[in-house]
Amino acid sequence: MATVMTDHPAGVDTRRGLMLFVLLLGQFMALLDTSIVNVAMPTIGADLHASGAWLQLVVGGYMVAYAMTLITGARLGDLYGRRRMYLTGVVLFTLASLACGLAPAILPLVLFRFVQGIAAAVMVPQIISVIQTNFTGPARAKALSAYGATLSAGQVAGLVLGGLLVGANILGTGWRPVFLINVPVGVCLAVLVPRLMPADRPTAARRLDLAGLAMATCAVLLIVLPMVIGHELGWPLWAFICVASGLVLAVVFVRAERRLAGRGGDPLLNLDVLRSGGLVAGITTLTCALVAVGGFMFSFTLHLQTGLGESALHAGLTWLPFATTFGLVGYFWRSLPTRLHHLVVPTGLALCTLGYAGIGLSVAASGPLLWPALVLAGAGMGLSASPLVTQSLVHVPLTRAADASGILTTTIQLSQVGGVTIFGTLYLSLHPDAQSLTTTISALALVTAIGIVAGGFLAHAVRG
């Protein structure tokens with residue numbers, strides 16, 4: 001990570017608190033847009049005459065662009081200054097949100113969602129770096145706790161807020177406010193950032209790996225796009241050729257990155273860091289947890305409206321127990337005795353598995369178990385997701401922390417894309433009804449159960 005010299009203003013705690021608010025508001029806005037659109041999917045589909053595959057792209061396109069450019073966004077902050085890049089990301093995100101809200105057809109909406117994801121990737125990496133360089137001692141601990149709470153609550157809060165906005169049908173605009181809500185927030189941030197964030201002068205920089213970025217992005221798109229649209233087209237031969245080509249390109253990318261690192265270069269992903277104890281177990285656990293929750297959020301939200309005929313407002317409020325327990329448990333899990341911390345991840349995933357199973361049974365039997373099962377799944381995600389990144393990095397040398405963090409953040413986003421792609425396709429291909437949702441949730445519960453095993457290896461590494 002590059003060293004940045006910061007010109008601290010002669011401010012007081014109130015000013016620093018306002019700066020933290022501005023930073024966390026940007027983080028919250030970016031997280032919100034990973035999920036707020038889920039509740040709006042049926043309305044978007046009806047208004048723009050979009051199929052299920054197009055709706056998957058509306059959700060997944062944002063996350064693909066976000067995932068593939070996060071590391072590059074962090075390096076842009078090192079190169080050109082974190083305040084400048086945070087402000088650039090805010091402005092671009094605001095404009096892309098406006099374009100999404102005004103999109104006349106589904107194709108422009110998908111393209112603008114890609115731009116939104118790129119903007120978020122320019123904005124978000126600057127946040128934790130600015131916190132680290134401007135807060136010290138107890139103030140830093142409090143700032144990081146607030147940051148963690150934002151991460152825990154931001155994404156699932158989007159499901160509830162999306163339902164409220166679509167249900168309100170403000171001025172007859174239907175789904176469009178789920179994007180347009182970012183515009184006034186972004187304008188306020190654009191005004192406040194230059195006033196509240198100190199200027200910074202980068203003194204060193206990591207180089208951009210544009211060739212690696214291009215290869216990785218093409219590999220992901222070659223795999224994801226055919227999997228999303230293949231089932232609607234009857235799985236033509238070209239879909240399998242594209243997926244195979246993407247896998248080959250992924251291998252080429254890995255080899256190219258290793259060669260670049262061996263020559264003393266600065267690869268997009270330095271995969272040598274995977275030799276650190278516990279990191280592979282952490283990445284595997286993280287992948288299982290987030291593939292499952294990404295698929296769950298997509299398929300369950302779609303089923304509530306298209307399968308059960310619920311309104312967007314009711315569907316959004318259905319997520320309230322999950323969102324509330326996710327946020328609360330994600331914030332307070334550190335209150336558990338320290339000697340138990342290494343067990344929280346596998347325990348949390350076990351709760352998720354039970355919660356998913358309960359949701360599947362409740363949907364199949366139209367029983368009263370739904371809300372308790374959502375509480376259980378939300379508590380499990382809060383207990384497992386929050387400590388996963390920290391525990392995965394426990395044995396990573398400080399000099400390699402930036403590389404490990406880059407791999408983990410990319411994994412977080414791509415895993416959710418994978419969940420939307422795999423389980424969304426499974427749900428949509430089964431002629432969506434209660435039985436197809438039960439089948440989909442059973443499959444993602446199985447993936448979460450595999451995560452429990454990987455979480456056990458992670459717990460062993462953390463304790464050792």
# chains A, B, ... in the order shown; residues from 1 in each chain; ligands from 1

$ select_by_dssp --residues "stretch 245-348 of chain A" --states "helix (DSSP H, G or I)" --output "count of residues only"
86

$ residues_around --residues "A:Ser276" --least-positions-apart "2" --cutoff "8 Å" --atoms "only C-alpha atoms" --output "mmCIF file with N, CA, C and O atoms, in the first residue's frame"
data_model
loop_
_atom_site.group_PDB
_atom_site.id
_atom_site.type_symbol
_atom_site.label_atom_id
_atom_site.label_comp_id
_atom_site.auth_asym_id
_atom_site.auth_seq_id
_atom_site.Cartn_x
_atom_site.Cartn_y
_atom_site.Cartn_z
ATOM 1 N N VAL A 273 0.472 -14.556 -2.550
ATOM 2 C CA VAL A 273 0.007 -14.318 -1.179
ATOM 3 C C VAL A 273 -0.903 -15.449 -0.698
ATOM 4 O O VAL A 273 -1.131 -15.607 0.511
ATOM 5 N N LEU A 274 -1.404 -16.274 -1.618
ATOM 6 C CA LEU A 274 -2.278 -17.382 -1.233
ATOM 7 C C LEU A 274 -1.549 -18.425 -0.396
ATOM 8 O O LEU A 274 -2.185 -19.291 0.224
ATOM 9 N N GLY A 278 -4.246 -19.935 6.211
ATOM 10 C CA GLY A 278 -5.634 -19.578 6.461
ATOM 11 C C GLY A 278 -6.297 -18.786 5.353
ATOM 12 O O GLY A 278 -7.533 -18.708 5.308
ATOM 13 N N LEU A 279 -5.523 -18.198 4.436
ATOM 14 C CA LEU A 279 -6.135 -17.337 3.426
ATOM 15 C C LEU A 279 -6.984 -18.139 2.438
ATOM 16 O O LEU A 279 -8.095 -17.727 2.090
ATOM 17 N N VAL A 280 -6.474 -19.286 1.993
ATOM 18 C CA VAL A 280 -7.246 -20.106 1.057
ATOM 19 C C VAL A 280 -8.527 -20.604 1.716
ATOM 20 O O VAL A 280 -9.607 -20.582 1.111
ATOM 21 N N HIS A 395 -2.924 -14.354 9.260
ATOM 22 C CA HIS A 395 -1.534 -14.816 9.083
ATOM 23 C C HIS A 395 -0.870 -14.222 7.844
ATOM 24 O O HIS A 395 0.197 -14.685 7.427
ATOM 25 N N VAL A 396 -1.490 -13.208 7.244
ATOM 26 C CA VAL A 396 -0.901 -12.550 6.074
ATOM 27 C C VAL A 396 0.105 -11.510 6.551
ATOM 28 O O VAL A 396 -0.221 -10.670 7.392
ATOM 29 N N PRO A 397 1.353 -11.548 6.044
ATOM 30 C CA PRO A 397 2.338 -10.533 6.438
ATOM 31 C C PRO A 397 1.858 -9.130 6.082
ATOM 32 O O PRO A 397 1.146 -8.936 5.085
#

$ residues_around --residues "A:Pro321" --least-positions-apart "3" --cutoff "7 Å" --atoms "only C-alpha atoms" --output "ChimeraX atom specification"
/A:324-325,371,374-375

$ closest_atom_pairs --of "stretch 8-98 of chain A" --to "stretch 426-443 of chain A" --cutoff "10 Å" --atoms "only C-alpha atoms" --output "CSV"
residue,atom,partner,partner_atom,distance
A:Ser51,CA,A:Leu428,CA,9.9
A:Gly52,CA,A:Leu428,CA,6.9
A:Ala53,CA,A:Leu428,CA,8.5

$ closest_atom_pairs --of "stretch 17-104 of chain A" --to "stretch 121-145 of chain A" --cutoff "7 Å" --atoms "only C-alpha atoms" --output "CSV"
residue,atom,partner,partner_atom,distance
A:Leu23,CA,A:Ile127,CA,5.9
A:Gln27,CA,A:Val124,CA,6.0
A:Tyr66,CA,A:Ala121,CA,5.1
A:Thr69,CA,A:Ala121,CA,5.7
A:Leu70,CA,A:Ala121,CA,4.5
A:Gly73,CA,A:Val122,CA,4.3
A:Ala74,CA,A:Pro125,CA,5.0
A:Gly77,CA,A:Gln126,CA,6.4
A:Arg82,CA,A:Gln126,CA,5.4
A:Met85,CA,A:Val122,CA,6.4
A:Tyr86,CA,A:Met123,CA,4.5
A:Gly89,CA,A:Met123,CA,4.3
A:Val90,CA,A:Met123,CA,6.2

$ write_last_selection --atoms "all heavy atoms" --output "compact mmCIF listing (two decimals), in the first residue's frame"
# COMPACT_ATOMS: atom_id res chain seq x y z
N LEU A 23 -17.79 9.90 4.33
CA LEU A 23 -17.17 8.69 3.81
C LEU A 23 -18.14 7.50 3.88
O LEU A 23 -18.30 6.76 2.90
CB LEU A 23 -15.91 8.36 4.61
CG LEU A 23 -14.71 9.30 4.43
CD1 LEU A 23 -13.65 9.02 5.48
CD2 LEU A 23 -14.13 9.17 3.03
N GLN A 27 -19.99 4.86 1.10
CA GLN A 27 -19.94 3.41 1.21
C GLN A 27 -21.34 2.80 1.25
O GLN A 27 -21.63 1.81 0.58
CB GLN A 27 -19.19 3.03 2.49
CG GLN A 27 -19.12 1.53 2.76
CD GLN A 27 -18.20 0.81 1.82
OE1 GLN A 27 -16.98 0.92 1.90
NE2 GLN A 27 -18.76 0.06 0.89
N TYR A 66 -18.06 -3.69 -10.61
CA TYR A 66 -17.53 -3.33 -9.30
C TYR A 66 -16.36 -4.23 -8.92
O TYR A 66 -15.28 -3.76 -8.54
CB TYR A 66 -18.69 -3.46 -8.29
CG TYR A 66 -18.46 -2.92 -6.91
CD1 TYR A 66 -17.35 -2.16 -6.57
CD2 TYR A 66 -19.40 -3.17 -5.90
CE1 TYR A 66 -17.18 -1.66 -5.29
CE2 TYR A 66 -19.24 -2.68 -4.61
CZ TYR A 66 -18.12 -1.93 -4.31
OH TYR A 66 -17.96 -1.46 -3.04
N THR A 69 -12.99 -3.88 -11.15
CA THR A 69 -12.23 -2.62 -11.15
C THR A 69 -11.89 -2.11 -9.75
O THR A 69 -11.31 -1.04 -9.61
CB THR A 69 -13.00 -1.52 -11.91
OG1 THR A 69 -14.37 -1.50 -11.48
CG2 THR A 69 -12.97 -1.77 -13.40
N LEU A 70 -12.23 -2.87 -8.70
CA LEU A 70 -11.94 -2.43 -7.33
C LEU A 70 -10.45 -2.21 -7.09
O LEU A 70 -10.03 -1.18 -6.54
CB LEU A 70 -12.46 -3.47 -6.33
CG LEU A 70 -13.81 -3.20 -5.68
CD1 LEU A 70 -14.25 -4.41 -4.85
CD2 LEU A 70 -13.75 -1.96 -4.81
N GLY A 73 -9.21 0.73 -8.92
CA GLY A 73 -9.69 1.93 -8.25
C GLY A 73 -8.81 2.32 -7.07
O GLY A 73 -8.52 3.49 -6.85
N ALA A 74 -8.38 1.32 -6.29
CA ALA A 74 -7.49 1.59 -5.16
C ALA A 74 -6.17 2.17 -5.63
O ALA A 74 -5.62 3.11 -5.03
CB ALA A 74 -7.27 0.31 -4.37
N GLY A 77 -6.29 5.80 -6.53
CA GLY A 77 -6.18 6.66 -5.36
C GLY A 77 -4.75 6.91 -4.96
O GLY A 77 -4.37 8.02 -4.56
N ARG A 82 -6.45 10.35 -2.93
CA ARG A 82 -7.67 9.65 -2.52
C ARG A 82 -8.89 10.57 -2.50
O ARG A 82 -9.99 10.16 -2.84
CB ARG A 82 -7.44 8.98 -1.17
CG ARG A 82 -6.51 7.79 -1.32
CD ARG A 82 -5.92 7.35 -0.02
NE ARG A 82 -4.93 6.29 -0.27
CZ ARG A 82 -3.96 5.97 0.55
NH1 ARG A 82 -3.81 6.63 1.69
NH2 ARG A 82 -3.10 5.02 0.26
N MET A 85 -9.98 11.01 -6.15
CA MET A 85 -10.62 9.84 -6.75
C MET A 85 -11.96 9.53 -6.07
O MET A 85 -12.90 9.06 -6.72
CB MET A 85 -9.69 8.63 -6.69
CG MET A 85 -8.42 8.79 -7.52
SD MET A 85 -8.70 9.51 -9.17
CE MET A 85 -9.81 8.33 -9.91
N TYR A 86 -12.07 9.80 -4.77
CA TYR A 86 -13.36 9.61 -4.10
C TYR A 86 -14.40 10.56 -4.69
O TYR A 86 -15.53 10.15 -5.00
CB TYR A 86 -13.20 9.87 -2.60
CG TYR A 86 -14.47 9.64 -1.80
CD1 TYR A 86 -14.99 8.37 -1.63
CD2 TYR A 86 -15.16 10.71 -1.23
CE1 TYR A 86 -16.16 8.15 -0.91
CE2 TYR A 86 -16.33 10.51 -0.51
CZ TYR A 86 -16.82 9.23 -0.35
OH TYR A 86 -17.99 9.02 0.36
N GLY A 89 -15.34 9.40 -8.17
CA GLY A 89 -16.26 8.27 -8.09
C GLY A 89 -17.67 8.70 -7.72
O GLY A 89 -18.65 8.21 -8.28
N VAL A 90 -17.78 9.63 -6.77
CA VAL A 90 -19.10 10.13 -6.35
C VAL A 90 -19.83 10.78 -7.53
O VAL A 90 -21.01 10.52 -7.77
CB VAL A 90 -18.94 11.14 -5.19
CG1 VAL A 90 -20.23 11.94 -5.00
CG2 VAL A 90 -18.58 10.41 -3.90

$ residues_around --residues "A:Leu164" --least-positions-apart "3" --cutoff "10 Å" --atoms "only C-alpha atoms" --output "PyMOL selection string"
chain A and resi 39+158-161+167-169+178+312-317

$ write_last_selection --atoms "N, CA and C atoms" --output "PDB file, in the first residue's frame"
ATOM      1  N   VAL A  39     -35.703  -5.816  -5.316  1.00  0.00           N
ATOM      2  CA  VAL A  39     -37.145  -5.721  -5.091  1.00  0.00           C
ATOM      3  C   VAL A  39     -37.852  -5.083  -6.285  1.00  0.00           C
ATOM      4  N   GLY A 158     -30.885  -2.249   1.517  1.00  0.00           N
ATOM      5  CA  GLY A 158     -31.369  -1.937   0.181  1.00  0.00           C
ATOM      6  C   GLY A 158     -32.636  -2.693  -0.170  1.00  0.00           C
ATOM      7  N   LEU A 159     -32.773  -3.919   0.328  1.00  0.00           N
ATOM      8  CA  LEU A 159     -33.968  -4.702   0.036  1.00  0.00           C
ATOM      9  C   LEU A 159     -35.212  -4.053   0.634  1.00  0.00           C
ATOM     10  N   VAL A 160     -35.081  -3.571   1.875  1.00  0.00           N
ATOM     11  CA  VAL A 160     -36.221  -2.935   2.533  1.00  0.00           C
ATOM     12  C   VAL A 160     -36.533  -1.589   1.880  1.00  0.00           C
ATOM     13  N   LEU A 161     -35.491  -0.776   1.668  1.00  0.00           N
ATOM     14  CA  LEU A 161     -35.700   0.539   1.071  1.00  0.00           C
ATOM     15  C   LEU A 161     -36.248   0.424  -0.344  1.00  0.00           C
ATOM     16  N   GLY A 167     -43.017   0.554  -3.757  1.00  0.00           N
ATOM     17  CA  GLY A 167     -44.389   0.527  -3.260  1.00  0.00           C
ATOM     18  C   GLY A 167     -45.020   1.905  -3.213  1.00  0.00           C
ATOM     19  N   ALA A 168     -44.208   2.923  -2.927  1.00  0.00           N
ATOM     20  CA  ALA A 168     -44.746   4.287  -2.863  1.00  0.00           C
ATOM     21  C   ALA A 168     -45.143   4.806  -4.241  1.00  0.00           C
ATOM     22  N   ASN A 169     -44.481   4.295  -5.300  1.00  0.00           N
ATOM     23  CA  ASN A 169     -44.783   4.706  -6.682  1.00  0.00           C
ATOM     24  C   ASN A 169     -44.852   6.237  -6.787  1.00  0.00           C
ATOM     25  N   VAL A 178     -35.534   3.929  -7.182  1.00  0.00           N
ATOM     26  CA  VAL A 178     -34.474   3.136  -6.548  1.00  0.00           C
ATOM     27  C   VAL A 178     -33.094   3.565  -7.055  1.00  0.00           C
ATOM     28  N   ALA A 312     -44.329  -4.896  -4.030  1.00  0.00           N
ATOM     29  CA  ALA A 312     -42.927  -4.583  -3.763  1.00  0.00           C
ATOM     30  C   ALA A 312     -42.731  -4.154  -2.311  1.00  0.00           C
ATOM     31  N   LEU A 313     -43.696  -3.407  -1.776  1.00  0.00           N
ATOM     32  CA  LEU A 313     -43.603  -2.966  -0.389  1.00  0.00           C
ATOM     33  C   LEU A 313     -43.617  -4.159   0.562  1.00  0.00           C
ATOM     34  N   HIS A 314     -44.538  -5.074   0.347  1.00  0.00           N
ATOM     35  CA  HIS A 314     -44.622  -6.258   1.216  1.00  0.00           C
ATOM     36  C   HIS A 314     -43.361  -7.109   1.085  1.00  0.00           C
ATOM     37  N   ALA A 315     -42.861  -7.253  -0.159  1.00  0.00           N
ATOM     38  CA  ALA A 315     -41.646  -8.031  -0.364  1.00  0.00           C
ATOM     39  C   ALA A 315     -40.460  -7.399   0.361  1.00  0.00           C
ATOM     40  N   GLY A 316     -40.354  -6.070   0.286  1.00  0.00           N
ATOM     41  CA  GLY A 316     -39.267  -5.386   0.979  1.00  0.00           C
ATOM     42  C   GLY A 316     -39.352  -5.556   2.473  1.00  0.00           C
ATOM     43  N   LEU A 317     -40.570  -5.439   3.034  1.00  0.00           N
ATOM     44  CA  LEU A 317     -40.741  -5.581   4.484  1.00  0.00           C
ATOM     45  C   LEU A 317     -40.515  -7.018   4.938  1.00  0.00           C
TER      46      LEU A 317
END

$ residues_around --residues "A:Val193" --least-positions-apart "5" --cutoff "10 Å" --atoms "only C-alpha atoms" --output "ChimeraX atom specification"
/A:18-19,22-23,83-84,86-87,90,188,198

$ residues_around --residues "stretch 337-344 of chain A" --least-positions-apart "3" --cutoff "10 Å" --atoms "only C-alpha atoms" --output "list in words"
Trp333, Arg334, Thr347, Gly348, Leu349, Ala350, Gly380, Gly382, Leu383, Ser384, Ala385, Ser386, Pro387, Leu388, Gln391, Gly455, Gly456, Leu458, Ala459, His460, Ala461, Val462, Arg463 and Gly464 of chain A

$ closest_residue --among "A:Thr43, A:Thr448, A:Thr94, A:Thr421" --to "A:Gly61" --atoms "only C-alpha atoms"
A:Thr421

$ closest_residue --among "A:Pro372, A:Gly330, A:Gly117, A:Gly230" --to "A:Val345" --atoms "only C-alpha atoms"
A:Gly330

$ residues_around --residues "A:Phe21" --least-positions-apart "3" --cutoff "10 Å" --atoms "only C-alpha atoms" --output "list of chain:residue names"
A:Arg15, A:Arg16, A:Gly17, A:Leu18, A:Leu24, A:Leu25, A:Gly26, A:Gln27, A:Ala143, A:Ala146, A:Tyr147, A:Leu189, A:Leu196

$ closest_residue --among "A:Val243, A:Leu408, A:Val363, A:Leu271" --to "A:Arg259" --atoms "only C-alpha atoms"
A:Leu271
